[in-house]
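**Student:** Enclosed is the structure file coords38.txt (compact mmCIF, N, CA and C atoms).
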# COMPACT_ATOMS: atom_id res chain seq x y z
N MET Q 1 11.82 -8.91 -0.22
CA MET Q 1 10.57 -9.62 -0.36
C MET Q 1 10.51 -10.24 -1.73
N LYS Q 2 10.13 -11.50 -1.78
CA LYS Q 2 10.01 -12.20 -3.05
C LYS Q 2 8.66 -12.89 -3.08
N LEU Q 3 7.94 -12.67 -4.17
CA LEU Q 3 6.66 -13.35 -4.34
C LEU Q 3 6.90 -14.83 -4.58
N CYS Q 4 6.14 -15.67 -3.93
CA CYS Q 4 6.25 -17.11 -4.15
C CYS Q 4 5.54 -17.51 -5.44
N ILE Q 5 4.61 -16.67 -5.87
CA ILE Q 5 3.93 -16.93 -7.13
C ILE Q 5 4.86 -16.47 -8.23
N GLN Q 6 5.16 -17.35 -9.18
CA GLN Q 6 6.11 -17.02 -10.23
C GLN Q 6 5.50 -16.13 -11.31
N ALA Q 7 4.20 -16.20 -11.49
CA ALA Q 7 3.54 -15.43 -12.53
C ALA Q 7 3.41 -13.98 -12.11
N ARG Q 8 3.41 -13.08 -13.09
CA ARG Q 8 3.16 -11.66 -12.83
C ARG Q 8 1.67 -11.38 -12.80
N SER Q 9 0.86 -12.32 -13.28
CA SER Q 9 -0.59 -12.14 -13.24
C SER Q 9 -1.26 -13.48 -12.98
N LEU Q 10 -2.47 -13.39 -12.46
CA LEU Q 10 -3.28 -14.58 -12.16
C LEU Q 10 -4.66 -14.40 -12.75
N LEU Q 11 -5.23 -15.48 -13.22
CA LEU Q 11 -6.62 -15.48 -13.65
C LEU Q 11 -7.35 -16.41 -12.69
N LEU Q 12 -8.30 -15.84 -11.96
CA LEU Q 12 -9.04 -16.59 -10.95
C LEU Q 12 -10.49 -16.74 -11.38
N ASP Q 13 -11.01 -17.96 -11.29
CA ASP Q 13 -12.42 -18.20 -11.55
C ASP Q 13 -13.25 -17.67 -10.39
N ARG Q 14 -14.51 -17.41 -10.64
CA ARG Q 14 -15.42 -16.96 -9.59
C ARG Q 14 -15.38 -17.94 -8.43
N GLY Q 15 -15.19 -17.42 -7.23
CA GLY Q 15 -15.16 -18.25 -6.02
C GLY Q 15 -13.80 -18.86 -5.71
N GLN Q 16 -12.83 -18.70 -6.59
CA GLN Q 16 -11.50 -19.25 -6.37
C GLN Q 16 -10.70 -18.34 -5.45
N SER Q 17 -9.93 -18.94 -4.56
CA SER Q 17 -9.09 -18.18 -3.63
C SER Q 17 -7.63 -18.59 -3.81
N VAL Q 18 -6.75 -17.68 -3.48
CA VAL Q 18 -5.32 -17.97 -3.51
C VAL Q 18 -4.67 -17.24 -2.34
N ALA Q 19 -3.72 -17.92 -1.70
CA ALA Q 19 -2.97 -17.32 -0.59
C ALA Q 19 -1.61 -16.89 -1.13
N VAL Q 20 -1.26 -15.63 -0.87
CA VAL Q 20 0.02 -15.08 -1.32
C VAL Q 20 0.84 -14.80 -0.06
N PRO Q 21 1.86 -15.62 0.21
CA PRO Q 21 2.66 -15.42 1.43
C PRO Q 21 3.72 -14.35 1.26
N ALA Q 22 3.96 -13.60 2.33
CA ALA Q 22 5.07 -12.65 2.42
C ALA Q 22 5.19 -11.74 1.20
N ALA Q 23 4.12 -11.02 0.88
CA ALA Q 23 4.11 -10.19 -0.33
C ALA Q 23 4.20 -8.69 -0.02
N ARG Q 24 4.64 -8.35 1.18
CA ARG Q 24 4.73 -6.93 1.55
C ARG Q 24 5.54 -6.17 0.51
N GLY Q 25 5.01 -5.00 0.13
CA GLY Q 25 5.70 -4.18 -0.85
C GLY Q 25 5.29 -4.46 -2.28
N THR Q 26 4.32 -5.34 -2.47
CA THR Q 26 3.84 -5.68 -3.80
C THR Q 26 2.56 -4.93 -4.09
N ARG Q 27 2.47 -4.36 -5.29
CA ARG Q 27 1.22 -3.71 -5.71
C ARG Q 27 0.42 -4.72 -6.52
N LEU Q 28 -0.85 -4.84 -6.16
CA LEU Q 28 -1.79 -5.72 -6.84
C LEU Q 28 -2.71 -4.83 -7.67
N GLU Q 29 -2.92 -5.17 -8.92
CA GLU Q 29 -3.84 -4.42 -9.78
C GLU Q 29 -4.89 -5.37 -10.34
N VAL Q 30 -6.14 -5.01 -10.18
CA VAL Q 30 -7.22 -5.82 -10.75
C VAL Q 30 -7.47 -5.31 -12.17
N VAL Q 31 -7.21 -6.17 -13.14
CA VAL Q 31 -7.38 -5.82 -14.55
C VAL Q 31 -8.84 -5.95 -14.94
N ARG Q 32 -9.46 -7.04 -14.51
CA ARG Q 32 -10.89 -7.26 -14.73
C ARG Q 32 -11.43 -8.10 -13.59
N GLY Q 33 -12.73 -8.00 -13.37
CA GLY Q 33 -13.35 -8.72 -12.27
C GLY Q 33 -13.25 -7.93 -10.97
N ARG Q 34 -13.51 -8.61 -9.87
CA ARG Q 34 -13.42 -8.00 -8.54
C ARG Q 34 -12.82 -9.02 -7.59
N VAL Q 35 -12.02 -8.52 -6.67
CA VAL Q 35 -11.39 -9.41 -5.70
C VAL Q 35 -11.63 -8.88 -4.29
N TRP Q 36 -11.87 -9.80 -3.39
CA TRP Q 36 -11.93 -9.50 -1.96
C TRP Q 36 -10.59 -9.97 -1.41
N LEU Q 37 -9.97 -9.16 -0.55
CA LEU Q 37 -8.71 -9.62 0.02
C LEU Q 37 -8.63 -9.27 1.49
N THR Q 38 -7.84 -10.05 2.17
CA THR Q 38 -7.56 -9.81 3.58
C THR Q 38 -6.09 -10.11 3.82
N GLN Q 39 -5.49 -9.35 4.73
CA GLN Q 39 -4.09 -9.53 5.06
C GLN Q 39 -3.96 -10.07 6.48
N GLU Q 40 -3.06 -10.97 6.67
CA GLU Q 40 -2.80 -11.52 8.00
C GLU Q 40 -2.43 -10.38 8.95
N GLY Q 41 -3.09 -10.34 10.10
CA GLY Q 41 -2.81 -9.31 11.10
C GLY Q 41 -3.54 -8.00 10.87
N ASP Q 42 -4.41 -7.94 9.87
CA ASP Q 42 -5.16 -6.72 9.57
C ASP Q 42 -6.64 -7.02 9.81
N ARG Q 43 -7.30 -6.18 10.58
CA ARG Q 43 -8.71 -6.42 10.89
C ARG Q 43 -9.63 -6.03 9.73
N GLU Q 44 -9.11 -5.26 8.78
CA GLU Q 44 -9.92 -4.80 7.65
C GLU Q 44 -9.91 -5.80 6.51
N ASP Q 45 -11.01 -5.84 5.78
CA ASP Q 45 -11.09 -6.56 4.52
C ASP Q 45 -11.19 -5.52 3.42
N TYR Q 46 -10.75 -5.86 2.23
CA TYR Q 46 -10.71 -4.90 1.13
C TYR Q 46 -11.36 -5.50 -0.11
N PHE Q 47 -12.01 -4.66 -0.88
CA PHE Q 47 -12.58 -5.05 -2.17
C PHE Q 47 -11.89 -4.19 -3.22
N VAL Q 48 -11.35 -4.85 -4.24
CA VAL Q 48 -10.62 -4.13 -5.28
C VAL Q 48 -11.32 -4.40 -6.61
N ALA Q 49 -11.68 -3.33 -7.29
CA ALA Q 49 -12.43 -3.39 -8.55
C ALA Q 49 -11.49 -3.20 -9.73
N PRO Q 50 -11.98 -3.40 -10.95
CA PRO Q 50 -11.15 -3.23 -12.14
C PRO Q 50 -10.54 -1.83 -12.21
N GLY Q 51 -9.26 -1.78 -12.54
CA GLY Q 51 -8.56 -0.51 -12.64
C GLY Q 51 -8.01 0.00 -11.33
N GLU Q 52 -8.39 -0.61 -10.23
CA GLU Q 52 -7.90 -0.19 -8.92
C GLU Q 52 -6.66 -0.99 -8.54
N THR Q 53 -5.85 -0.39 -7.66
CA THR Q 53 -4.66 -1.07 -7.16
C THR Q 53 -4.74 -1.17 -5.65
N PHE Q 54 -3.96 -2.08 -5.11
CA PHE Q 54 -3.86 -2.26 -3.66
C PHE Q 54 -2.41 -2.59 -3.34
N ASP Q 55 -1.80 -1.83 -2.43
CA ASP Q 55 -0.43 -2.10 -2.01
C ASP Q 55 -0.45 -2.99 -0.78
N ILE Q 56 0.12 -4.17 -0.91
CA ILE Q 56 0.15 -5.12 0.21
C ILE Q 56 1.15 -4.60 1.23
N ALA Q 57 0.67 -4.37 2.45
CA ALA Q 57 1.46 -3.70 3.48
C ALA Q 57 1.91 -4.62 4.61
N ARG Q 58 1.58 -5.88 4.52
CA ARG Q 58 1.91 -6.81 5.61
C ARG Q 58 2.79 -7.94 5.11
N ASN Q 59 3.63 -8.46 6.00
CA ASN Q 59 4.51 -9.57 5.64
C ASN Q 59 3.81 -10.92 5.67
N GLY Q 60 2.74 -11.03 6.41
CA GLY Q 60 2.04 -12.32 6.50
C GLY Q 60 1.35 -12.68 5.20
N THR Q 61 0.51 -13.66 5.27
CA THR Q 61 -0.22 -14.14 4.10
C THR Q 61 -1.35 -13.19 3.73
N THR Q 62 -1.48 -12.92 2.45
CA THR Q 62 -2.60 -12.15 1.91
C THR Q 62 -3.47 -13.12 1.12
N VAL Q 63 -4.76 -13.16 1.44
CA VAL Q 63 -5.68 -14.07 0.76
C VAL Q 63 -6.52 -13.27 -0.21
N LEU Q 64 -6.54 -13.73 -1.46
CA LEU Q 64 -7.36 -13.12 -2.51
C LEU Q 64 -8.51 -14.07 -2.82
N HIS Q 65 -9.70 -13.53 -2.94
CA HIS Q 65 -10.88 -14.33 -3.28
C HIS Q 65 -11.61 -13.63 -4.42
N ALA Q 66 -11.74 -14.32 -5.55
CA ALA Q 66 -12.39 -13.74 -6.73
C ALA Q 66 -13.90 -13.76 -6.58
N LEU Q 67 -14.52 -12.60 -6.73
CA LEU Q 67 -15.97 -12.51 -6.65
C LEU Q 67 -16.62 -12.80 -7.99
N GLU Q 68 -15.82 -12.80 -9.04
CA GLU Q 68 -16.23 -13.15 -10.40
C GLU Q 68 -14.94 -13.51 -11.13
N LEU Q 69 -15.02 -13.84 -12.41
CA LEU Q 69 -13.81 -14.11 -13.18
C LEU Q 69 -12.91 -12.88 -13.08
N THR Q 70 -11.69 -13.06 -12.53
CA THR Q 70 -10.84 -11.93 -12.19
C THR Q 70 -9.42 -12.15 -12.67
N GLU Q 71 -8.85 -11.09 -13.26
CA GLU Q 71 -7.44 -11.09 -13.61
C GLU Q 71 -6.72 -10.09 -12.73
N VAL Q 72 -5.65 -10.55 -12.08
CA VAL Q 72 -4.89 -9.74 -11.14
C VAL Q 72 -3.43 -9.71 -11.60
N ARG Q 73 -2.82 -8.53 -11.59
CA ARG Q 73 -1.39 -8.38 -11.90
C ARG Q 73 -0.66 -7.97 -10.64
N PHE Q 74 0.60 -8.40 -10.55
CA PHE Q 74 1.45 -8.06 -9.41
C PHE Q 74 2.66 -7.27 -9.90
N ASP Q 75 3.02 -6.24 -9.13
CA ASP Q 75 4.21 -5.45 -9.44
C ASP Q 75 4.91 -5.14 -8.12
N GLU Q 76 6.03 -5.80 -7.89
CA GLU Q 76 6.76 -5.60 -6.64
C GLU Q 76 7.40 -4.23 -6.55
N ARG Q 77 7.81 -3.66 -7.68
CA ARG Q 77 8.53 -2.39 -7.67
C ARG Q 77 7.61 -1.19 -7.49
N ALA Q 78 6.40 -1.23 -8.03
CA ALA Q 78 5.50 -0.07 -8.00
C ALA Q 78 5.16 0.33 -6.57
N ALA Q 79 4.86 -0.62 -5.72
CA ALA Q 79 4.50 -0.32 -4.34
C ALA Q 79 5.70 0.27 -3.60
N ARG Q 80 6.90 -0.23 -3.88
CA ARG Q 80 8.08 0.31 -3.23
C ARG Q 80 8.32 1.76 -3.64
N ARG Q 81 8.15 2.06 -4.93
CA ARG Q 81 8.31 3.45 -5.40
C ARG Q 81 7.30 4.35 -4.72
N SER Q 82 6.07 3.89 -4.59
CA SER Q 82 5.01 4.67 -3.94
C SER Q 82 5.33 4.89 -2.47
N LEU Q 83 5.84 3.87 -1.81
CA LEU Q 83 6.19 3.97 -0.39
C LEU Q 83 7.32 4.97 -0.19
N VAL Q 84 8.32 4.96 -1.06
CA VAL Q 84 9.42 5.91 -0.97
C VAL Q 84 8.91 7.33 -1.16
N ALA Q 85 8.03 7.53 -2.14
CA ALA Q 85 7.47 8.86 -2.38
C ALA Q 85 6.70 9.36 -1.17
N ARG Q 86 5.90 8.48 -0.56
CA ARG Q 86 5.15 8.87 0.65
C ARG Q 86 6.10 9.21 1.78
N GLY Q 87 7.18 8.44 1.90
CA GLY Q 87 8.18 8.70 2.95
C GLY Q 87 8.82 10.07 2.80
N TRP Q 88 9.18 10.43 1.55
CA TRP Q 88 9.76 11.75 1.32
C TRP Q 88 8.75 12.84 1.60
N SER Q 89 7.50 12.62 1.29
CA SER Q 89 6.46 13.61 1.55
C SER Q 89 6.33 13.86 3.06
N VAL Q 90 6.34 12.80 3.83
CA VAL Q 90 6.24 12.92 5.29
C VAL Q 90 7.47 13.64 5.84
N LEU Q 91 8.67 13.27 5.36
CA LEU Q 91 9.89 13.92 5.83
C LEU Q 91 9.91 15.41 5.48
N SER Q 92 9.42 15.74 4.30
CA SER Q 92 9.36 17.14 3.88
C SER Q 92 8.42 17.94 4.79
N ALA Q 93 7.26 17.38 5.09
CA ALA Q 93 6.30 18.06 5.97
C ALA Q 93 6.89 18.22 7.36
N LEU Q 94 7.59 17.21 7.85
CA LEU Q 94 8.22 17.28 9.17
C LEU Q 94 9.30 18.36 9.19
N ALA Q 95 10.12 18.41 8.15
CA ALA Q 95 11.18 19.42 8.08
C ALA Q 95 10.58 20.82 8.06
N HIS Q 96 9.49 21.00 7.31
CA HIS Q 96 8.82 22.30 7.25
C HIS Q 96 8.28 22.69 8.63
N HIS Q 97 7.67 21.74 9.31
CA HIS Q 97 7.12 21.99 10.65
C HIS Q 97 8.24 22.36 11.63
N LEU Q 98 9.34 21.61 11.59
CA LEU Q 98 10.45 21.90 12.50
C LEU Q 98 11.08 23.26 12.20
N ALA Q 99 11.17 23.62 10.92
CA ALA Q 99 11.72 24.93 10.56
C ALA Q 99 10.82 26.05 11.08
N ALA Q 100 9.51 25.87 10.95
CA ALA Q 100 8.56 26.88 11.47
C ALA Q 100 8.66 26.98 12.98
N LEU Q 101 8.79 25.86 13.65
CA LEU Q 101 8.93 25.85 15.11
C LEU Q 101 10.22 26.55 15.53
N ASP Q 102 11.29 26.29 14.82
CA ASP Q 102 12.58 26.92 15.12
C ASP Q 102 12.48 28.44 14.91
N MET Q 103 11.80 28.85 13.84
CA MET Q 103 11.62 30.28 13.57
C MET Q 103 10.81 30.93 14.69
N HIS Q 104 9.78 30.23 15.14
CA HIS Q 104 8.94 30.75 16.24
C HIS Q 104 9.79 30.91 17.50
N ARG Q 105 10.61 29.94 17.81
CA ARG Q 105 11.47 30.03 19.00
C ARG Q 105 12.47 31.16 18.86
N ALA Q 106 13.02 31.33 17.66
CA ALA Q 106 13.98 32.41 17.43
C ALA Q 106 13.31 33.77 17.63
N LEU Q 107 12.10 33.94 17.11
CA LEU Q 107 11.38 35.20 17.28
C LEU Q 107 11.04 35.47 18.74
N ARG Q 108 10.68 34.40 19.46
CA ARG Q 108 10.39 34.58 20.90
C ARG Q 108 11.60 35.10 21.65
N GLY Q 109 12.76 34.57 21.30
CA GLY Q 109 14.00 35.00 21.97
C GLY Q 109 14.34 36.43 21.65
N VAL Q 110 14.11 36.85 20.44
CA VAL Q 110 14.45 38.21 20.02
C VAL Q 110 13.45 39.21 20.57
N TYR Q 111 12.15 38.91 20.47
CA TYR Q 111 11.14 39.88 20.85
C TYR Q 111 10.58 39.68 22.25
N ARG Q 112 10.98 38.67 22.94
CA ARG Q 112 10.57 38.40 24.31
C ARG Q 112 9.06 38.44 24.48
N PHE Q 113 8.36 37.53 23.81
CA PHE Q 113 6.88 37.47 23.87
C PHE Q 113 6.44 37.14 25.26
How would this structure read if it were set down as structure tokens?
**Tutor:**
Amino acid sequence: MKLCIQARSLLLDRGQSVAVPAARGTRLEVVRGRVWLTQEGDREDYFVAPGETFDIARNGTTVLHALELTEVRFDERAARRSLVARGWSVLSALAHHLAALDMHRALRGVYRF
């Protein structure tokens, strides 16, 4: 995934909108101001305030709309690192669940519940 916007940050005037195509895996951080955003194919709309981040999860166009003078930073690597960490967390929980299930089956075989 490559951002079509060359800048790492944007300064948007109140009421200004920008379309960011194919930004899946990019973390957006609002430095100041507030932004409303929507992602192509997502029924939800999101509001991001100063200091908050949002990980763009869709390949389609993401539209940002500044509710006031807003500075937004983009980091393609941060969202990927976060996604990998979440993936390992899910795999770890699954492995733990499967190990417990296997132990339960082993005990059933030994003790004939």
**Student:** Would you mind telling me which residue in Q:Leu11, Q:Asp55, Q:Leu67, Q:Arg73 lies nearest to Q:Thr26 when using all atoms listed in the file?
**Tutor:**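 Of Q:Leu11, Q:Asp55, Q:Leu67, Q:Arg73, the one nearest Q:Thr26 is Q:Asp55, counting all atoms listed in the file.
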**Student:** For Q:Phe74, which residue among Q:Val30, Q:Glu44, Q:Val18, Q:Asp13 is the nearest when counting all atoms listed in the file?
**Tutor:** Q:Val30
**Student:** Closest to Q:Val35 among Q:Ala23, Q:Ser9, Q:Ala95, Q:Arg14, using only C-alpha atoms?
**Tutor:**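 Going through Q:Ala23, Q:Ser9, Q:Ala95, Q:Arg14 one by one, the smallest distance to Q:Val35 is for Q:Arg14.
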**Student:** Any idea what the distance is between atom N of Q:Thr62 and atom C of Q:Asp45?
**Tutor:**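 Spanning atom N of Q:Thr62 to atom C of Q:Asp45 is a straight-line distance of 12.2 Å.
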**Student:** Would you kindly return, as a PyMOL selection string, each protein, DNA or RNA residue with an atom no farther than 6.5 Å from any atom of Q:Val20, considering only N, CA and C atoms and excluding same-chain residues fewer than 6 positions away?
**Tutor:** chain Q and resi 60-64
**Student:** Atom CA of Q:Glu68 and atom CA of Q:Phe54, how far apart in Å?
**Tutor:**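 Taking atom CA of Q:Phe54 and atom CA of Q:Glu68, their separation equals 17.8 Å.
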**Student:** For a quick check of understanding, using only C-alpha atoms, which of Q:Leu37, Q:Asp75, Q:Asn59, Q:Ala99 has the smallest distance to Q:Ala22?
**Tutor:** Q:Asn59
**Student:** When you draw a straight line from atom CA of Q:Leu10 to atom CA of Q:His65, how long is it in Å?
**Tutor:**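 A separation of 11.7 Å between them.
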**Student:** Kindly add N, CA, C and O atoms to the incomplete stretch 7-23 of chain Q and provide the output as a tab-separated table (two decimals), in the coordinates of the input.
**Tutor:**
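As a result, result17.tsv now contains:
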chain	number	residue	atom	x	y	z
Q	7	ALA	N	4.20	-16.20	-11.49
Q	7	ALA	CA	3.54	-15.43	-12.53
Q	7	ALA	C	3.41	-13.98	-12.11
Q	7	ALA	O	3.29	-13.66	-10.93
Q	8	ARG	N	3.41	-13.08	-13.09
Q	8	ARG	CA	3.16	-11.66	-12.83
Q	8	ARG	C	1.67	-11.38	-12.80
Q	8	ARG	O	1.25	-10.32	-12.37
Q	9	SER	N	0.86	-12.32	-13.28
Q	9	SER	CA	-0.59	-12.14	-13.24
Q	9	SER	C	-1.26	-13.48	-12.98
Q	9	SER	O	-0.69	-14.54	-13.21
Q	10	LEU	N	-2.47	-13.39	-12.46
Q	10	LEU	CA	-3.28	-14.58	-12.16
Q	10	LEU	C	-4.66	-14.40	-12.75
Q	10	LEU	O	-5.20	-13.29	-12.75
Q	11	LEU	N	-5.23	-15.48	-13.22
Q	11	LEU	CA	-6.62	-15.48	-13.65
Q	11	LEU	C	-7.35	-16.41	-12.69
Q	11	LEU	O	-7.04	-17.59	-12.59
Q	12	LEU	N	-8.30	-15.84	-11.96
Q	12	LEU	CA	-9.04	-16.59	-10.95
Q	12	LEU	C	-10.49	-16.74	-11.38
Q	12	LEU	O	-11.13	-15.77	-11.78
Q	13	ASP	N	-11.01	-17.96	-11.29
Q	13	ASP	CA	-12.42	-18.20	-11.55
Q	13	ASP	C	-13.25	-17.67	-10.39
Q	13	ASP	O	-12.75	-17.54	-9.26
Q	14	ARG	N	-14.51	-17.41	-10.64
Q	14	ARG	CA	-15.42	-16.96	-9.59
Q	14	ARG	C	-15.38	-17.94	-8.43
Q	14	ARG	O	-15.48	-19.15	-8.61
Q	15	GLY	N	-15.19	-17.42	-7.23
Q	15	GLY	CA	-15.16	-18.25	-6.02
Q	15	GLY	C	-13.80	-18.86	-5.71
Q	15	GLY	O	-13.62	-19.46	-4.67
Q	16	GLN	N	-12.83	-18.70	-6.59
Q	16	GLN	CA	-11.50	-19.25	-6.37
Q	16	GLN	C	-10.70	-18.34	-5.45
Q	16	GLN	O	-10.78	-17.11	-5.53
Q	17	SER	N	-9.93	-18.94	-4.56
Q	17	SER	CA	-9.09	-18.18	-3.63
Q	17	SER	C	-7.63	-18.59	-3.81
Q	17	SER	O	-7.34	-19.71	-4.23
Q	18	VAL	N	-6.75	-17.68	-3.48
Q	18	VAL	CA	-5.32	-17.97	-3.51
Q	18	VAL	C	-4.67	-17.24	-2.34
Q	18	VAL	O	-5.05	-16.12	-2.00
Q	19	ALA	N	-3.72	-17.92	-1.70
Q	19	ALA	CA	-2.97	-17.32	-0.59
Q	19	ALA	C	-1.61	-16.89	-1.13
Q	19	ALA	O	-0.91	-17.67	-1.76
Q	20	VAL	N	-1.26	-15.63	-0.87
Q	20	VAL	CA	0.02	-15.08	-1.32
Q	20	VAL	C	0.84	-14.80	-0.06
Q	20	VAL	O	0.55	-13.86	0.67
Q	21	PRO	N	1.86	-15.62	0.21
Q	21	PRO	CA	2.66	-15.42	1.43
Q	21	PRO	C	3.72	-14.35	1.26
Q	21	PRO	O	4.29	-14.18	0.19
Q	22	ALA	N	3.96	-13.60	2.33
Q	22	ALA	CA	5.07	-12.65	2.42
Q	22	ALA	C	5.19	-11.74	1.20
Q	22	ALA	O	6.22	-11.68	0.57
Q	23	ALA	N	4.12	-11.02	0.88
Q	23	ALA	CA	4.11	-10.19	-0.33
Q	23	ALA	C	4.20	-8.69	-0.02
Q	23	ALA	O	3.89	-7.87	-0.86
